[in-house]
>>> print(open('my_file.cif').read())   # mmCIF, C-alpha atoms
data_structure
#
loop_
_atom_site.label_atom_id
_atom_site.label_comp_id
_atom_site.auth_asym_id
_atom_site.auth_seq_id
_atom_site.Cartn_x
_atom_site.Cartn_y
_atom_site.Cartn_z
CA MET U 1 58.90 118.06 18.40
CA THR U 2 56.05 117.68 20.91
CA ALA U 3 55.98 121.43 21.51
CA LEU U 4 56.07 122.17 17.79
CA ARG U 5 53.19 119.79 17.07
CA ALA U 6 51.18 121.34 19.91
CA LEU U 7 51.84 124.82 18.48
CA ILE U 8 50.74 123.70 15.01
CA TYR U 9 47.56 122.24 16.49
CA ASN U 10 46.78 125.40 18.45
CA ILE U 11 47.22 127.61 15.40
CA GLY U 12 44.90 125.38 13.38
CA PHE U 13 42.41 125.15 16.22
CA PHE U 14 42.00 128.88 16.80
CA CYS U 15 42.16 129.91 13.14
CA GLY U 16 39.91 127.08 11.98
CA SER U 17 37.38 127.68 14.76
CA ALA U 18 37.22 131.41 14.06
CA LEU U 19 36.74 130.81 10.33
CA LEU U 20 34.05 128.17 10.78
CA MET U 21 32.09 130.21 13.31
CA THR U 22 32.32 133.36 11.22
CA LEU U 23 30.94 131.51 8.20
CA ALA U 24 28.21 129.99 10.39
CA LEU U 25 27.00 133.31 11.87
CA PRO U 26 23.67 133.13 9.94
CA LEU U 27 22.81 130.03 12.01
CA LEU U 28 22.34 132.28 15.04
CA ALA U 29 19.11 133.51 13.43
CA LEU U 30 17.86 129.98 12.60
CA PRO U 31 16.38 127.17 14.76
CA ARG U 32 18.58 126.04 17.65
CA ARG U 33 18.82 122.45 16.48
CA LEU U 34 21.01 123.53 13.55
CA THR U 35 23.73 124.60 15.97
CA ASN U 36 23.91 120.98 17.14
CA HIS U 37 25.01 119.98 13.64
CA LEU U 38 27.54 122.80 13.72
CA ALA U 39 28.86 121.59 17.09
CA HIS U 40 29.32 118.08 15.68
CA LEU U 41 31.08 119.45 12.60
CA TRP U 42 33.33 121.71 14.66
CA THR U 43 34.40 119.10 17.22
CA TRP U 44 34.80 116.41 14.57
CA SER U 45 37.04 118.68 12.52
CA MET U 46 39.07 119.75 15.57
CA PHE U 47 39.53 116.14 16.68
CA THR U 48 40.53 115.14 13.14
CA TRP U 49 43.08 117.96 13.19
CA LEU U 50 44.26 116.84 16.65
CA LYS U 51 44.91 113.36 15.28
CA LEU U 52 46.78 114.70 12.26
CA ALA U 53 48.82 117.37 14.04
CA VAL U 54 49.53 115.67 17.37
CA GLY U 55 48.69 112.01 16.87
CA LEU U 56 46.05 112.05 19.60
CA GLY U 57 42.88 110.03 18.99
CA TYR U 58 40.22 108.52 21.22
CA GLU U 59 38.28 105.33 21.88
CA VAL U 60 34.82 105.17 23.41
CA ARG U 61 33.66 102.09 25.29
CA GLY U 62 30.24 101.24 26.68
CA ARG U 63 27.92 103.16 24.35
CA GLU U 64 25.37 100.43 25.00
CA ASN U 65 25.07 101.85 28.54
CA LEU U 66 23.50 105.10 27.32
CA PRO U 67 19.78 104.92 28.18
CA PRO U 68 17.15 106.14 25.72
CA GLY U 69 15.65 109.51 26.48
CA PRO U 70 16.94 112.22 28.83
CA ALA U 71 19.67 111.32 31.30
CA ILE U 72 22.39 113.04 33.32
CA LEU U 73 25.84 112.44 31.84
CA ALA U 74 28.29 112.84 34.74
CA MET U 75 31.80 112.99 33.31
CA LYS U 76 35.26 113.02 34.88
CA HIS U 77 37.13 116.24 34.06
CA GLN U 78 40.91 116.25 33.53
CA SER U 79 41.41 118.32 30.40
CA ALA U 80 40.03 120.84 27.93
CA TRP U 81 39.70 117.77 25.70
CA ASP U 82 36.68 116.69 27.74
CA THR U 83 34.79 119.92 27.06
CA LEU U 84 35.22 119.46 23.32
CA ALA U 85 34.46 115.74 23.44
CA ILE U 86 30.98 116.16 24.89
CA PHE U 87 29.74 117.74 21.65
CA VAL U 88 31.03 114.92 19.44
CA LEU U 89 30.39 111.94 21.73
CA PHE U 90 26.73 112.66 22.51
CA ASP U 91 23.74 113.88 20.54
CA ASP U 92 22.55 117.41 21.33
CA PRO U 93 23.70 117.56 24.98
CA ALA U 94 22.74 120.44 27.24
CA VAL U 95 26.15 121.04 28.76
CA VAL U 96 26.51 122.65 32.19
CA LEU U 97 29.40 125.11 32.00
CA LYS U 98 30.71 128.25 33.66
CA ARG U 99 28.96 131.45 32.61
CA GLU U 100 32.26 133.12 31.66
CA LEU U 101 32.39 131.01 28.49
CA TRP U 102 29.26 132.76 27.20
CA ARG U 103 31.24 136.03 27.08
CA ILE U 104 33.78 134.78 24.52
CA PRO U 105 33.09 136.41 21.11
CA LEU U 106 31.73 133.99 18.49
CA PHE U 107 32.33 130.88 20.62
CA GLY U 108 30.14 132.14 23.46
CA TRP U 109 27.39 133.19 21.06
CA PHE U 110 27.15 129.68 19.67
CA LEU U 111 27.28 128.11 23.15
CA ARG U 112 24.29 130.21 24.15
CA LYS U 113 22.40 129.38 20.94
CA HIS U 114 23.16 125.67 21.36
CA GLY U 115 21.25 125.67 24.64
CA THR U 116 24.12 125.13 27.04
CA ILE U 117 23.36 125.69 30.72
CA ALA U 118 25.55 128.48 32.07
CA ILE U 119 26.05 128.60 35.81
CA ASP U 120 27.38 131.40 37.96
CA ARG U 121 29.78 129.56 40.26
CA HIS U 122 29.48 132.34 42.84
CA GLY U 123 25.69 132.63 42.70
CA LYS U 124 24.96 129.97 45.33
CA ALA U 125 21.20 129.40 45.85
CA ALA U 126 20.07 131.57 42.92
CA ALA U 127 22.54 129.85 40.59
CA LEU U 128 21.36 126.41 41.67
CA LYS U 129 17.73 127.39 41.12
CA LYS U 130 18.55 128.62 37.61
CA LEU U 131 20.51 125.43 36.88
CA LEU U 132 17.56 123.25 37.82
CA ALA U 133 15.09 125.34 35.80
CA ASP U 134 17.27 125.20 32.67
CA ALA U 135 17.82 121.47 33.13
CA GLU U 136 14.07 120.90 33.31
CA LEU U 137 13.69 122.64 29.95
CA ALA U 138 16.41 120.43 28.45
CA LYS U 139 14.73 117.33 29.85
CA ALA U 140 11.38 118.40 28.38
CA ALA U 141 13.10 118.71 24.99
CA GLY U 142 14.41 115.15 25.30
CA ARG U 143 18.06 116.22 25.62
CA PRO U 144 20.72 114.67 27.88
CA ILE U 145 22.24 116.99 30.49
CA ALA U 146 26.05 116.77 30.64
CA ILE U 147 27.89 117.90 33.75
CA PHE U 148 31.34 117.61 35.29
CA PRO U 149 30.60 116.54 38.91
CA GLU U 150 33.87 118.03 40.20
CA GLY U 151 33.05 121.39 38.64
CA THR U 152 36.54 121.98 37.26
CA ARG U 153 39.53 120.14 35.84
CA GLY U 154 41.51 118.02 38.27
CA PRO U 155 45.05 116.63 38.08
CA VAL U 156 45.81 113.16 36.75
CA GLY U 157 45.33 110.71 39.58
CA GLY U 158 43.73 113.38 41.73
CA LYS U 159 40.17 113.73 42.95
CA LEU U 160 38.35 116.96 43.66
CA PRO U 161 35.20 117.16 45.79
CA TYR U 162 32.03 116.25 43.91
CA GLN U 163 29.78 119.30 43.86
CA PRO U 164 26.22 119.32 45.23
CA GLY U 165 24.80 120.52 41.90
CA VAL U 166 24.98 117.03 40.39
CA ALA U 167 22.98 115.57 43.30
CA ALA U 168 20.43 118.38 42.99
CA LEU U 169 20.02 117.62 39.28
CA TYR U 170 19.53 113.92 40.00
CA ASN U 171 16.89 114.57 42.66
CA GLN U 172 15.07 117.19 40.59
CA LEU U 173 14.97 115.51 37.18
CA ASN U 174 14.22 111.93 38.25
CA VAL U 175 16.20 110.44 35.33
CA PRO U 176 19.09 107.95 35.23
CA MET U 177 22.61 109.24 35.79
CA VAL U 178 25.42 107.84 33.65
CA PRO U 179 28.95 107.89 35.14
CA ILE U 180 31.68 108.50 32.54
CA ALA U 181 35.39 107.92 33.22
CA LEU U 182 38.37 108.87 31.05
CA ASN U 183 42.14 109.35 31.00
CA SER U 184 42.46 112.48 28.84
CA GLY U 185 44.82 114.17 31.30
CA LEU U 186 47.60 111.77 30.35
CA TYR U 187 47.82 113.40 26.93
CA TRP U 188 46.41 116.91 27.38
CA GLY U 189 46.86 118.11 30.93
CA ARG U 190 44.81 120.78 32.62
CA ARG U 191 46.00 124.26 31.64
CA ALA U 192 48.77 122.57 29.61
CA PHE U 193 50.12 123.75 26.27
CA LEU U 194 51.68 120.41 25.36
CA LYS U 195 49.56 117.69 23.83
CA ARG U 196 50.98 114.20 23.46
CA PRO U 197 50.21 111.41 20.99
CA GLY U 198 48.17 108.44 22.13
CA THR U 199 44.57 107.35 22.56
CA VAL U 200 42.21 108.90 25.09
CA LEU U 201 40.04 106.17 26.60
CA VAL U 202 36.44 107.04 27.48
CA GLN U 203 34.36 104.52 29.43
CA ILE U 204 30.59 104.98 29.64
CA LEU U 205 29.49 103.06 32.72
CA PRO U 206 26.12 101.42 33.51
CA PRO U 207 23.55 104.06 34.47
CA ILE U 208 22.55 104.70 38.05
CA PRO U 209 18.75 104.37 38.17
CA ALA U 210 16.56 107.27 39.24
CA GLY U 211 15.09 107.41 42.72
CA LEU U 212 18.04 106.64 45.01
CA ASP U 213 18.70 108.77 48.07
CA ARG U 214 21.31 111.52 47.85
CA ARG U 215 24.02 109.83 49.91
CA THR U 216 23.72 106.53 48.05
CA VAL U 217 23.80 108.03 44.57
CA MET U 218 26.77 110.30 45.30
CA ALA U 219 28.77 107.47 46.85
CA ARG U 220 28.07 105.21 43.89
CA LEU U 221 28.79 107.93 41.34
CA GLU U 222 32.13 108.81 42.89
CA HIS U 223 33.14 105.16 43.32
CA ASP U 224 32.26 104.21 39.75
CA ILE U 225 33.98 107.19 38.14
CA GLU U 226 37.13 107.20 40.25
CA THR U 227 37.68 103.42 40.21
CA THR U 228 37.29 103.22 36.45
CA THR U 229 39.37 106.36 35.88
CA ASP U 230 42.24 104.81 37.84
CA ALA U 231 41.97 101.68 35.68
CA LEU U 232 42.01 103.73 32.46
CA LEU U 233 45.01 105.72 33.67
CA ALA U 234 46.84 102.50 34.42
CA GLU U 235 45.94 101.16 30.98
CA GLY U 236 47.46 104.32 29.52
CA GLY U 237 50.73 103.64 31.34
CA TRP U 238 50.29 105.86 34.40
CA GLU U 239 51.58 104.53 37.69
CA LYS U 240 50.10 105.76 40.91
CA PRO U 241 52.76 107.34 43.12
CA VAL U 242 53.67 105.32 46.18
CA GLU U 243 53.42 107.30 49.38
CA ASN U 244 56.65 107.57 51.31
CA SER U 245 56.64 105.51 54.42
CA VAL U 246 59.02 105.50 57.33
CA ASP U 247 59.76 102.22 59.02
CA ARG U 248 59.20 102.54 62.68
CA LEU U 249 61.25 100.35 64.98
CA ALA U 250 59.50 98.97 68.00
CA PRO U 251 61.14 100.13 71.18
CA SER U 252 63.37 97.49 72.69
CA ARG U 253 62.55 96.18 76.10
#
>>> encode(input="my_file.cif", output="structure tokens")
Amino acid sequence: MTALRALIYNIGFFCGSALLMTLALPLLALPRRLTNHLAHLWTWSMFTWLKLAVGLGYEVRGRENLPPGPAILAMKHQSAWDTLAIFVLFDDPAVVLKRELWRIPLFGWFLRKHGTIAIDRHGKAAALKKLLADAELAKAAGRPIAIFPEGTRGPVGGKLPYQPGVAALYNQLNVPMVPIALNSGLYWGRRAFLKRPGTVLVQILPPIPAGLDRRTVMARLEHDIETTTDALLAEGGWEKPVENSVDRLAPSR
């Protein structure tokens, strides 16, 4: 039944997305802000369909922690769910994503029009320079900049290295950084076809103020996200594996 419900969701997702974006093609010639309304409509409809087809909903905690004005939204990444959620959870975010997504017909066109920040993950210094320049434009427009600090989806209970791009953004933009934890991987795993019923928990944590040194801000960001993510996973019923240990007998004398 779980596989069937996931298949039904996927069919509705791809067919519904293609239909909506085809009908919305004229928006590509209109002001960018209109694509933000389209993004909200699209993600809201896909999440409504996810709830109906799979039984998977979500709960957001800590919205009062979102500061007014531009900020960096640094979000844990466990699932494709997270990428969709950004557009429905936050108002007009400039999302940092891999450049390959821009090449997808229809979907990529709207991502570009929406003002997402595409990064070439192999571009090194030039890519970082472009990231910072695009983020400055988003900040000037009063938009939040959303980024996955790990750069890619990680396994449930796992932790990937936090990438230097998030620290560079923090130092360059001089705005607060908001850590965001979640447990989406419990229900929609990375690269997984199956989607399970339940409630994804999203916790928006108190912002880290601007102006801290690089080492301090990265340590605090990682601690806040990972500690809270572990708590949300536990609340969702996940138990952290216990490492095998071998009892060692003291040598007899």
>>> residues_around(input="my_file.cif", residues="range 123-137 of chain U", least_positions_apart="2", cutoff="8 Å", atoms="only C-alpha atoms", output="list of chain:residue names")
U:Ala94, U:Ile117, U:Ala118, U:Ile119, U:Asp120, U:Arg121, U:Lys139, U:Ala140, U:Ala141, U:Ile145, U:Gly165, U:Ala168, U:Leu169, U:Gln172, U:Leu173
>>> closest_residue(input="my_file.cif", among="U:Leu205, U:Leu212, U:Leu28, U:His223", to="Gly108 in chain U", atoms="only C-alpha atoms")
U:Leu28
>>> residues_around(input="my_file.cif", residues="Pro105 in chain U", least_positions_apart="5", cutoff="12 Å", atoms="only C-alpha atoms", output="short mmCIF file (atom, residue, chain, number, x, y, z; two decimals) with C-alpha atoms, keeping the file's coordinate frame")
data_model
loop_
_atom_site.label_atom_id
_atom_site.label_comp_id
_atom_site.auth_asym_id
_atom_site.auth_seq_id
_atom_site.Cartn_x
_atom_site.Cartn_y
_atom_site.Cartn_z
CA SER U 17 37.38 127.68 14.76
CA ALA U 18 37.22 131.41 14.06
CA MET U 21 32.09 130.21 13.31
CA THR U 22 32.32 133.36 11.22
CA LEU U 25 27.00 133.31 11.87
CA GLU U 100 32.26 133.12 31.66
CA PHE U 110 27.15 129.68 19.67
CA LEU U 111 27.28 128.11 23.15
CA ARG U 112 24.29 130.21 24.15
#
>>> residues_near_point(input="my_file.cif", point="(53.0, 119.7, 17.4)", cutoff="9 Å", atoms="all atoms listed in the file", output="list in words")
Met1, Thr2, Ala3, Leu4, Arg5, Ala6, Leu7, Ile8, Tyr9, Asn10, Ala53, Val54, Gly55, Leu194, Lys195 and Arg196 of chain U
>>> closest_residue(input="my_file.cif", among="U:Leu84, U:Ala192, U:Ile204, U:Ala219", to="Ala167 in chain U", atoms="all atoms listed in the file")
U:Ala219
>>> closest_residue(input="my_file.cif", among="U:Gly158, U:Arg33, U:Thr116, U:Asn174", to="Leu101 in chain U", atoms="all atoms listed in the file")
U:Thr116
>>> closest_residue(input="my_file.cif", among="U:Met46, U:Val60, U:Ala74, U:Ile86", to="Ile225 in chain U", atoms="only C-alpha atoms")
U:Ala74
>>> resolve_selection(input="my_file.cif", expression="the PyMOL selection byres ((chain U and resi 68) around 12)", output="list in words")
Arg63, Glu64, Asn65, Leu66, Pro67, Gly69, Pro70, Ala71, Ile72, Asp91, Gly142, Arg143, Pro144, Val175, Pro176, Met177, Val178 and Pro207 of chain U
>>> atom_distance(input="my_file.cif", atom1="CA of Phe90 in chain U", atom2="CA of Tyr58 in chain U")
14.2 Å
>>> closest_residue(input="my_file.cif", among="U:Met75, U:Leu30, U:Ile147, U:Met218", to="Ile180 in chain U", atoms="all atoms listed in the file")
U:Met75
>>> resolve_selection(input="my_file.cif", expression="the PyMOL selection byres ((chain U and resi 191) around 8)", output="compact mmCIF listing (two decimals) with C-alpha atoms, in the coordinates of the input")
# COMPACT_ATOMS: atom_id res chain seq x y z
CA SER U 79 41.41 118.32 30.40
CA ALA U 80 40.03 120.84 27.93
CA GLY U 189 46.86 118.11 30.93
CA ARG U 190 44.81 120.78 32.62
CA ALA U 192 48.77 122.57 29.61
CA PHE U 193 50.12 123.75 26.27
>>> closest_residue(input="my_file.cif", among="U:Thr43, U:Asn183, U:Thr199, U:Thr227", to="Gln78 in chain U", atoms="only C-alpha atoms")
U:Asn183
>>> atom_distance(input="my_file.cif", atom1="CA of Gly185 in chain U", atom2="CA of Ile208 in chain U")
25.1 Å
>>> atom_distance(input="my_file.cif", atom1="CA of Ala39 in chain U", atom2="CA of Val88 in chain U")
7.4 Å
>>> residues_around(input="my_file.cif", residues="Leu27 in chain U", least_positions_apart="6", cutoff="12 Å", atoms="all atoms listed in the file", output="tab-separated table (two decimals) with C-alpha atoms, in the coordinates of the input")
chain	number	residue	atom	x	y	z
U	20	LEU	CA	34.05	128.17	10.78
U	21	MET	CA	32.09	130.21	13.31
U	33	ARG	CA	18.82	122.45	16.48
U	34	LEU	CA	21.01	123.53	13.55
U	35	THR	CA	23.73	124.60	15.97
U	36	ASN	CA	23.91	120.98	17.14
U	37	HIS	CA	25.01	119.98	13.64
U	38	LEU	CA	27.54	122.80	13.72
U	39	ALA	CA	28.86	121.59	17.09
U	106	LEU	CA	31.73	133.99	18.49
U	109	TRP	CA	27.39	133.19	21.06
U	110	PHE	CA	27.15	129.68	19.67
U	113	LYS	CA	22.40	129.38	20.94
U	114	HIS	CA	23.16	125.67	21.36
>>> closest_atom_pairs(input="my_file.cif", of="range 65-164 of chain U", to="range 200-203 of chain U", cutoff="10 Å", atoms="only C-alpha atoms", output="tab-separated table")
residue	atom	partner	partner_atom	distance
U:Asn65	CA	U:Gln203	CA	9.7
U:Met75	CA	U:Val202	CA	9.5
U:Lys76	CA	U:Val202	CA	9.6
U:Trp81	CA	U:Val200	CA	9.2
U:Asp82	CA	U:Val202	CA	9.7
U:Ala85	CA	U:Val202	CA	9.8
U:Leu89	CA	U:Val202	CA	9.7
>>> resolve_selection(input="my_file.cif", expression="the PyMOL selection byres ((chain U and resi 160) around 12)", output="ChimeraX atom specification")
/U:76-78,148-159,161-163,222,226
